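A.B. asks: Here you go, this is work21.cif (mmCIF, C-alpha atoms).
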```cif
data_run
loop_
_atom_site.label_atom_id
_atom_site.label_comp_id
_atom_site.auth_asym_id
_atom_site.auth_seq_id
_atom_site.Cartn_x
_atom_site.Cartn_y
_atom_site.Cartn_z
CA MET F 381 -0.18 -33.40 -75.60
CA ILE F 382 -2.40 -34.18 -72.62
CA LEU F 383 0.14 -36.49 -70.92
CA PRO F 384 3.04 -33.96 -70.70
CA VAL F 385 0.72 -31.29 -69.38
CA ALA F 386 -0.55 -33.66 -66.68
CA LYS F 387 3.01 -34.55 -65.69
CA ILE F 388 3.97 -30.88 -65.46
CA ALA F 389 0.93 -30.13 -63.29
CA SER F 390 1.67 -33.03 -60.95
CA CYS F 391 5.32 -32.00 -60.60
CA TYR F 392 4.28 -28.40 -59.83
CA ALA F 393 1.83 -29.60 -57.15
CA ALA F 394 4.50 -31.79 -55.58
CA LEU F 395 7.01 -28.91 -55.48
CA THR F 396 4.42 -26.55 -53.97
CA LYS F 397 3.50 -29.04 -51.27
CA SER F 398 7.16 -29.65 -50.45
CA ALA F 399 7.92 -25.91 -50.25
CA GLY F 400 4.87 -25.31 -48.07
CA SER F 401 5.90 -28.04 -45.66
CA THR F 402 9.42 -26.66 -45.46
CA MET F 403 8.14 -23.13 -44.71
CA LEU F 404 5.78 -24.50 -42.06
CA LEU F 405 8.61 -26.37 -40.36
CA LYS F 406 10.84 -23.31 -40.42
CA SER F 407 8.11 -21.07 -39.05
CA THR F 408 7.43 -23.46 -36.19
CA GLU F 409 11.08 -23.29 -35.20
CA TYR F 410 10.54 -19.71 -34.04
CA LEU F 411 7.42 -20.44 -32.00
CA PRO F 412 9.21 -21.64 -28.81
CA THR F 413 11.50 -18.60 -28.90
CA ALA F 414 8.61 -16.15 -29.31
CA SER F 415 6.56 -17.96 -26.68
CA SER F 416 9.41 -17.89 -24.17
CA ALA F 417 10.00 -14.20 -24.85
CA ILE F 418 6.33 -13.38 -24.25
CA SER F 419 6.33 -15.49 -21.09
CA SER F 420 9.42 -13.69 -19.78
CA VAL F 421 7.85 -10.29 -20.41
CA LEU F 422 4.60 -11.30 -18.74
CA LEU F 423 6.39 -12.70 -15.71
CA LEU F 424 8.41 -9.50 -15.46
CA ARG F 425 5.19 -7.47 -15.58
CA GLY F 426 3.66 -9.60 -12.85
CA GLY F 427 1.12 -11.26 -15.12
CA GLN F 428 0.37 -14.88 -15.95
CA VAL F 429 2.14 -16.82 -18.67
CA SER F 430 -1.19 -17.57 -20.34
CA SER F 431 -1.92 -13.86 -20.82
CA THR F 432 -1.35 -12.00 -24.05
CA ALA F 433 0.68 -8.94 -24.95
CA THR F 434 -2.50 -6.87 -24.81
CA ALA F 435 -2.77 -7.53 -21.06
CA VAL F 436 0.76 -6.17 -20.61
CA ALA F 437 -0.13 -2.95 -22.42
CA LEU F 438 -3.29 -2.68 -20.35
CA ASP F 439 -1.30 -2.99 -17.12
CA LEU F 440 1.09 -0.29 -18.26
CA GLY F 441 -1.84 1.95 -19.10
CA ARG F 442 -3.32 1.50 -15.66
CA GLU F 443 -0.02 2.19 -13.95
CA SER F 444 0.41 5.35 -16.01
CA HIS F 445 -3.11 6.38 -15.01
CA LEU F 446 -2.26 5.90 -11.33
CA ILE F 447 0.88 8.01 -11.71
CA THR F 448 -1.19 10.76 -13.36
CA GLU F 449 -3.62 10.64 -10.43
CA MET F 450 -0.74 11.18 -8.01
CA ALA F 451 0.31 14.23 -10.00
CA SER F 452 -3.21 15.67 -9.65
CA TYR F 453 -2.63 16.01 -5.90
CA GLY F 454 0.18 18.42 -6.67
CA SER F 455 -2.08 20.56 -8.87
CA VAL F 456 -4.78 20.88 -6.20
CA THR F 457 -2.15 21.49 -3.53
CA ALA F 458 -0.69 24.37 -5.52
CA LEU F 459 -4.10 26.07 -5.67
CA VAL F 460 -4.64 25.61 -1.93
CA LEU F 461 -1.16 26.95 -1.15
CA ASN F 462 -1.83 30.02 -3.27
CA ALA F 463 -5.10 30.67 -1.41
CA ALA F 464 -3.42 30.21 1.99
CA LEU F 465 -0.58 32.60 1.15
CA ARG F 466 -3.03 35.21 -0.11
CA LEU F 467 -4.98 34.94 3.14
CA TRP F 468 -1.75 35.28 5.10
CA THR F 469 -0.68 38.46 3.31
CA SER F 470 -4.12 40.11 3.19
CA THR F 471 -5.33 39.49 6.77
CA LYS F 472 -4.33 42.17 9.28
CA PHE F 473 -5.23 41.99 12.97
CA SER F 474 -5.66 45.07 15.12
CA LYS F 475 -4.27 45.40 18.61
CA ASP F 476 -7.78 45.18 20.06
CA GLN F 477 -8.39 41.80 18.48
CA SER F 478 -8.30 38.77 20.76
CA PRO F 479 -4.90 37.05 20.73
CA TRP F 480 -6.68 33.71 20.46
CA ILE F 481 -8.01 34.71 17.04
CA SER F 482 -4.69 35.99 15.68
CA ASN F 483 -2.64 33.12 17.10
CA SER F 484 -5.10 30.52 15.83
CA PHE F 485 -4.95 32.11 12.39
CA THR F 486 -1.15 32.01 12.41
CA ILE F 487 -1.04 28.37 13.50
CA SER F 488 -3.65 27.17 11.00
CA THR F 489 -2.08 29.04 8.09
CA THR F 490 1.38 27.76 8.97
CA LEU F 491 0.11 24.17 9.14
CA CYS F 492 -1.64 24.65 5.81
CA VAL F 493 1.52 25.86 4.07
CA VAL F 494 3.79 23.21 5.63
CA ALA F 495 1.39 20.33 4.96
CA GLY F 496 0.77 21.56 1.43
CA ALA F 497 4.47 21.87 0.64
CA PHE F 498 5.11 18.36 1.94
CA THR F 499 2.21 16.96 -0.09
CA ALA F 500 3.29 18.66 -3.31
CA VAL F 501 6.96 17.64 -3.05
CA LEU F 502 6.16 14.07 -1.96
CA PHE F 503 3.75 13.26 -4.78
CA GLN F 504 5.97 14.94 -7.35
CA LEU F 505 8.92 12.79 -6.26
CA LEU F 506 6.79 9.65 -6.32
CA GLY F 507 5.59 10.45 -9.83
CA ILE F 508 9.06 11.31 -11.12
CA TYR F 509 10.74 8.16 -9.81
CA SER F 510 7.85 5.93 -10.91
CA ARG F 511 8.02 7.28 -14.46
CA SER F 512 11.80 6.92 -14.43
CA ALA F 513 11.56 3.24 -13.47
CA LEU F 514 8.98 2.51 -16.18
CA GLY F 515 10.92 4.51 -18.73
CA MET F 516 14.11 2.53 -18.06
CA GLY F 517 12.22 -0.76 -18.27
CA ASN F 518 12.97 -1.54 -14.64
CA ASP F 519 9.58 -3.04 -13.85
CA GLU F 520 10.82 -4.98 -10.84
CA GLY F 521 12.26 -1.81 -9.36
CA TYR F 522 9.00 0.02 -10.03
CA VAL F 523 6.95 -2.62 -8.22
CA ALA F 524 9.41 -2.66 -5.30
CA PHE F 525 9.38 1.16 -5.09
CA LYS F 526 5.58 1.26 -5.22
CA THR F 527 5.34 -1.29 -2.40
CA ALA F 528 7.98 0.40 -0.25
CA THR F 529 6.38 3.86 -0.53
CA ALA F 530 2.81 2.81 0.35
CA LEU F 531 3.15 4.35 3.82
CA TYR F 532 4.41 7.62 2.35
CA ARG F 533 1.39 7.81 0.05
CA LYS F 534 -0.86 7.41 3.10
CA TRP F 535 0.89 10.21 4.95
CA GLY F 536 0.80 12.35 1.85
CA PHE F 537 -2.97 11.95 1.59
CA ARG F 538 -3.36 12.75 5.30
CA CYS F 539 -1.29 15.90 4.86
CA PHE F 540 -3.47 16.78 1.88
CA LEU F 541 -6.59 16.56 4.05
CA THR F 542 -4.83 18.54 6.80
CA GLU F 543 -4.02 21.24 4.28
CA LEU F 544 -7.66 21.52 3.22
CA LEU F 545 -8.92 21.57 6.79
CA THR F 546 -6.48 24.24 7.96
CA LEU F 547 -7.31 26.39 4.93
CA VAL F 548 -10.98 26.34 5.94
CA VAL F 549 -10.06 27.26 9.53
CA SER F 550 -7.84 30.12 8.32
CA PHE F 551 -10.62 31.39 6.08
CA LEU F 552 -13.16 31.38 8.92
CA LEU F 553 -10.77 33.24 11.23
CA SER F 554 -10.00 35.77 8.51
CA LEU F 555 -13.73 36.24 7.88
CA TYR F 556 -14.40 36.69 11.58
CA ASN F 557 -11.61 39.30 11.81
CA LYS F 558 -13.00 41.20 8.82
CA LEU F 559 -16.55 41.21 10.20
CA TRP F 560 -15.25 42.22 13.64
CA ASN F 561 -13.32 45.16 12.18
CA GLU F 562 -16.33 46.32 10.18
CA ALA F 563 -18.57 46.11 13.23
CA GLY F 564 -16.04 48.10 15.26
CA ARG F 565 -16.06 50.92 12.74
CA GLN F 566 -19.86 51.11 12.67
CA VAL F 567 -20.81 51.13 16.33
CA GLU F 568 -24.05 53.02 15.71
CA THR F 569 -25.45 50.45 13.27
CA PRO F 570 -26.33 47.25 15.13
CA LEU F 571 -27.79 45.78 11.94
CA LEU F 572 -24.24 45.37 10.64
CA LYS F 573 -23.33 43.30 13.68
CA ARG F 574 -26.43 41.19 13.18
CA ALA F 575 -25.64 40.73 9.49
CA GLY F 576 -22.08 39.76 10.37
CA THR F 577 -23.37 37.17 12.82
CA TYR F 578 -25.63 35.70 10.16
CA ILE F 579 -22.79 35.60 7.63
CA MET F 580 -20.47 33.90 10.09
CA ALA F 581 -23.09 31.37 11.20
CA GLY F 582 -24.08 30.60 7.61
CA SER F 583 -20.45 30.08 6.63
CA VAL F 584 -19.88 27.66 9.50
CA ILE F 585 -23.04 25.71 8.66
CA LEU F 586 -22.11 25.43 4.98
CA ILE F 587 -18.58 24.30 5.84
CA LEU F 588 -19.89 21.67 8.26
CA LEU F 589 -22.31 20.36 5.63
CA GLY F 590 -19.55 20.27 3.02
CA GLY F 591 -17.21 18.48 5.41
CA TYR F 592 -19.89 15.90 6.22
CA HIS F 593 -20.53 15.08 2.57
CA ILE F 594 -16.80 14.94 1.78
CA GLN F 595 -16.40 12.47 4.64
CA LYS F 596 -19.21 10.37 3.19
CA VAL F 597 -17.51 10.35 -0.22
CA LEU F 598 -14.25 9.19 1.38
CA GLU F 599 -16.08 6.42 3.23
CA LEU F 600 -17.83 5.27 0.05
CA ALA F 601 -14.55 5.26 -1.86
CA THR F 602 -12.91 3.22 0.90
CA LYS F 603 -15.76 0.73 1.00
CA ASN F 604 -16.48 0.28 -2.71
CA ILE F 605 -13.07 0.83 -4.32
CA PHE F 606 -10.10 0.25 -2.06
CA ILE F 607 -11.42 -2.48 0.25
CA GLU F 608 -13.02 -4.37 -2.66
CA ALA F 609 -9.81 -4.10 -4.66
CA TYR F 610 -7.81 -5.34 -1.67
CA HIS F 611 -10.09 -8.39 -1.22
CA ASP F 612 -10.04 -9.15 -4.95
CA LYS F 613 -6.26 -9.03 -4.99
CA PHE F 614 -5.44 -10.99 -1.85
CA ALA F 615 -8.53 -13.19 -1.33
#
```
How does this structure look as structure tokens?

C.D. replies:
Amino acid sequence: MILPVAKIASCYAALTKSAGSTMLLKSTEYLPTASSAISSVLLLRGGQVSSTATAVALDLGRESHLITEMASYGSVTALVLNAALRLWTSTKFSKDQSPWISNSFTISTTLCVVAGAFTAVLFQLLGIYSRSALGMGNDEGYVAFKTATALYRKWGFRCFLTELLTLVVSFLLSLYNKLWNEAGRQVETPLLKRAGTYIMAGSVILILLGGYHIQKVLELATKNIFIEAYHDKFA
């Protein structure tokens, strides 16, 4: 009874080993195909062949994050445009007001609206077409479009800064006009004129301080983020 059982066990072990070897050989047949597919995807994404599929997903996540950042310019621009239009409709200049004040207000508000509209439309178009390229799987077209529109993104950011600056100028001119009108109505109270002067001077000082610190933030971002990223990419 022991001999037949031993023979059956040895036959079962031989069959299991043979089946395992066959499955291993068949599974290895698919490895070149899968490897070539991964390599093709990575090359299309702009990555290295030795990378993994996780790196591809990470690149897509970063690109989506950059597209979302571009859309944030449109949100801020909409708020600034709303403030500029409200200033435009609520500020009234009397005939006794200096034409330099009224004309400067008109020019600054017009520049604010035009620059803001250009910024909003430009970044919306860039975001829409970038998402369309990624959604269609046209990664090469996305990279080409991103490279070709680098100059437009620069001009869009400059128009964004112009919009902010002209809004501040329009606000100061509107504030000056309001204080001037109030002082004209109260000729017998010189304290009002003095208070208006203090308010105007304080507003200018605060705006200059804010502009200085914003400029410092832009310089730090250029130095620590964009220039370092440029050197890391092309060094």

A.B. asks: Starting from the shown file, work through the PyMOL selection byres ((chain F and resi 514) around 12) and note down what comes out as an NGL selection string.

C.D. replies: :F and (425 or 439-441 or 443-444 or 447 or 507-513 or 515-523 or 525-526)

A.B. asks: Could you write those residues out with C-alpha atoms, as an mmCIF file, keeping the file's coordinate frame?

C.D. replies:
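And here is the file that came out, again02.cif:
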```cif
data_model
loop_
_atom_site.group_PDB
_atom_site.id
_atom_site.type_symbol
_atom_site.label_atom_id
_atom_site.label_comp_id
_atom_site.auth_asym_id
_atom_site.auth_seq_id
_atom_site.Cartn_x
_atom_site.Cartn_y
_atom_site.Cartn_z
ATOM 1 C CA ARG F 425 5.190 -7.470 -15.580
ATOM 2 C CA ASP F 439 -1.300 -2.990 -17.120
ATOM 3 C CA LEU F 440 1.090 -0.290 -18.260
ATOM 4 C CA GLY F 441 -1.840 1.950 -19.100
ATOM 5 C CA GLU F 443 -0.020 2.190 -13.950
ATOM 6 C CA SER F 444 0.410 5.350 -16.010
ATOM 7 C CA ILE F 447 0.880 8.010 -11.710
ATOM 8 C CA GLY F 507 5.590 10.450 -9.830
ATOM 9 C CA ILE F 508 9.060 11.310 -11.120
ATOM 10 C CA TYR F 509 10.740 8.160 -9.810
ATOM 11 C CA SER F 510 7.850 5.930 -10.910
ATOM 12 C CA ARG F 511 8.020 7.280 -14.460
ATOM 13 C CA SER F 512 11.800 6.920 -14.430
ATOM 14 C CA ALA F 513 11.560 3.240 -13.470
ATOM 15 C CA GLY F 515 10.920 4.510 -18.730
ATOM 16 C CA MET F 516 14.110 2.530 -18.060
ATOM 17 C CA GLY F 517 12.220 -0.760 -18.270
ATOM 18 C CA ASN F 518 12.970 -1.540 -14.640
ATOM 19 C CA ASP F 519 9.580 -3.040 -13.850
ATOM 20 C CA GLU F 520 10.820 -4.980 -10.840
ATOM 21 C CA GLY F 521 12.260 -1.810 -9.360
ATOM 22 C CA TYR F 522 9.000 0.020 -10.030
ATOM 23 C CA VAL F 523 6.950 -2.620 -8.220
ATOM 24 C CA PHE F 525 9.380 1.160 -5.090
ATOM 25 C CA LYS F 526 5.580 1.260 -5.220
#
```

A.B. asks: Which residue out of F:Cys492, F:Leu600, F:Met580, F:Leu586 has the minimum interatomic distance to Asn557 of chain F when only C-alpha atoms are used?

C.D. replies: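 Answer, going by the shortest atom-to-atom distance: F:Met580.
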
A.B. asks: Calculate how many Å separate atom CA of Ser488 of chain F from atom CA of Val548 of chain F, rounding to one decimal.

C.D. replies: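 Atom CA of Ser488 of chain F sits 8.9 Å away from atom CA of Val548 of chain F.
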
A.B. asks: With distances taken over all atoms listed in the file, which of F:Ala524, F:Leu502, F:Val549, F:Ile607 is nearest to Ser482 of chain F?

C.D. replies: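 Checking each candidate against Ser482 of chain F, we get F:Val549 as the closest.
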
A.B. asks: As an exercise, work out the distance from atom CA of Leu598 of chain F to atom CA of Lys534 of chain F in Å and give it to one decimal place.

C.D. replies: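 Atom-to-atom, atom CA of Leu598 of chain F and atom CA of Lys534 of chain F are spaced 13.6 Å apart.
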
A.B. asks: Hey, can you check how far atom CA of Gly590 of chain F sits from atom CA of Leu544 of chain F?

C.D. replies: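 Computed distance, atom CA of Gly590 of chain F to atom CA of Leu544 of chain F, equals 12.0 Å.
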
A.B. asks: Report the residues retrieved by the PyMOL selection byres ((chain F and resi 539) around 10) from the displayed file, expressed as a PDB file with C-alpha atoms, keeping the file's coordinate frame.

C.D. replies:
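The result, stored in out_23.pdb:
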```pdb
ATOM      1  CA  LEU F 491       0.110  24.170   9.140  1.00  0.00           C
ATOM      2  CA  CYS F 492      -1.640  24.650   5.810  1.00  0.00           C
ATOM      3  CA  VAL F 494       3.790  23.210   5.630  1.00  0.00           C
ATOM      4  CA  ALA F 495       1.390  20.330   4.960  1.00  0.00           C
ATOM      5  CA  GLY F 496       0.770  21.560   1.430  1.00  0.00           C
ATOM      6  CA  ALA F 497       4.470  21.870   0.640  1.00  0.00           C
ATOM      7  CA  PHE F 498       5.110  18.360   1.940  1.00  0.00           C
ATOM      8  CA  THR F 499       2.210  16.960  -0.090  1.00  0.00           C
ATOM      9  CA  ALA F 500       3.290  18.660  -3.310  1.00  0.00           C
ATOM     10  CA  ARG F 533       1.390   7.810   0.050  1.00  0.00           C
ATOM     11  CA  LYS F 534      -0.860   7.410   3.100  1.00  0.00           C
ATOM     12  CA  TRP F 535       0.890  10.210   4.950  1.00  0.00           C
ATOM     13  CA  GLY F 536       0.800  12.350   1.850  1.00  0.00           C
ATOM     14  CA  PHE F 537      -2.970  11.950   1.590  1.00  0.00           C
ATOM     15  CA  ARG F 538      -3.360  12.750   5.300  1.00  0.00           C
ATOM     16  CA  PHE F 540      -3.470  16.780   1.880  1.00  0.00           C
ATOM     17  CA  LEU F 541      -6.590  16.560   4.050  1.00  0.00           C
ATOM     18  CA  THR F 542      -4.830  18.540   6.800  1.00  0.00           C
ATOM     19  CA  GLU F 543      -4.020  21.240   4.280  1.00  0.00           C
ATOM     20  CA  LEU F 544      -7.660  21.520   3.220  1.00  0.00           C
ATOM     21  CA  LEU F 545      -8.920  21.570   6.790  1.00  0.00           C
TER      22      LEU F 545
END
```

A.B. asks: Apply the PyMOL selection byres ((chain F and resi 471) around 10) to the structure shown and report the selected residues as a list in words.

C.D. replies: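 Taken on the displayed file, the PyMOL selection byres ((chain F and resi 471) around 10) yields the residues Arg466, Leu467, Trp468, Thr469, Ser470, Lys472, Phe473, Ser482, Phe485, Ser550, Phe551, Leu553, Ser554, Leu555, Asn557 and Lys558 of chain F.
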
A.B. asks: Output segment 526-545 of chain F from the block with N, CA and C atoms, as a short mmCIF file (atom, residue, chain, number, x, y, z; two decimals), in the first residue's frame?

C.D. replies:
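result.cif, freshly written:
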```cif
data_model
loop_
_atom_site.label_atom_id
_atom_site.label_comp_id
_atom_site.auth_asym_id
_atom_site.auth_seq_id
_atom_site.Cartn_x
_atom_site.Cartn_y
_atom_site.Cartn_z
N LYS F 526 1.76 74.39 -24.74
CA LYS F 526 2.29 75.03 -23.53
C LYS F 526 3.58 75.79 -23.84
N THR F 527 4.43 75.21 -24.70
CA THR F 527 5.67 75.89 -25.07
C THR F 527 5.41 77.10 -25.93
N ALA F 528 4.47 76.98 -26.87
CA ALA F 528 4.20 78.07 -27.81
C ALA F 528 3.52 79.25 -27.14
N THR F 529 2.79 79.03 -26.05
CA THR F 529 2.04 80.10 -25.39
C THR F 529 2.76 80.66 -24.16
N ALA F 530 4.05 80.37 -24.01
CA ALA F 530 4.78 80.89 -22.85
C ALA F 530 4.80 82.41 -22.84
N LEU F 531 4.98 83.01 -24.02
CA LEU F 531 5.01 84.48 -24.10
C LEU F 531 3.65 85.07 -23.74
N TYR F 532 2.58 84.41 -24.14
CA TYR F 532 1.25 84.91 -23.80
C TYR F 532 0.99 84.85 -22.30
N ARG F 533 1.50 83.82 -21.65
CA ARG F 533 1.34 83.75 -20.19
C ARG F 533 2.10 84.87 -19.50
N LYS F 534 3.27 85.25 -20.05
CA LYS F 534 4.00 86.39 -19.49
C LYS F 534 3.20 87.68 -19.63
N TRP F 535 2.69 87.92 -20.83
CA TRP F 535 1.90 89.13 -21.04
C TRP F 535 0.61 89.13 -20.23
N GLY F 536 0.04 87.96 -20.04
CA GLY F 536 -1.15 87.87 -19.20
C GLY F 536 -0.86 88.25 -17.76
N PHE F 537 0.29 87.79 -17.24
CA PHE F 537 0.66 88.15 -15.87
C PHE F 537 0.97 89.64 -15.76
N ARG F 538 1.61 90.21 -16.78
CA ARG F 538 1.88 91.65 -16.76
C ARG F 538 0.58 92.46 -16.79
N CYS F 539 -0.36 92.01 -17.59
CA CYS F 539 -1.67 92.69 -17.61
C CYS F 539 -2.38 92.54 -16.28
N PHE F 540 -2.19 91.41 -15.62
CA PHE F 540 -2.78 91.20 -14.30
C PHE F 540 -2.22 92.20 -13.30
N LEU F 541 -0.89 92.41 -13.32
CA LEU F 541 -0.29 93.41 -12.43
C LEU F 541 -0.73 94.82 -12.80
N THR F 542 -0.87 95.09 -14.11
CA THR F 542 -1.35 96.41 -14.55
C THR F 542 -2.75 96.66 -14.05
N GLU F 543 -3.58 95.63 -14.09
CA GLU F 543 -4.95 95.76 -13.60
C GLU F 543 -4.97 96.12 -12.12
N LEU F 544 -4.14 95.46 -11.33
CA LEU F 544 -4.10 95.75 -9.89
C LEU F 544 -3.60 97.17 -9.62
N LEU F 545 -2.55 97.56 -10.36
CA LEU F 545 -1.98 98.89 -10.15
C LEU F 545 -2.97 99.99 -10.51
#
```
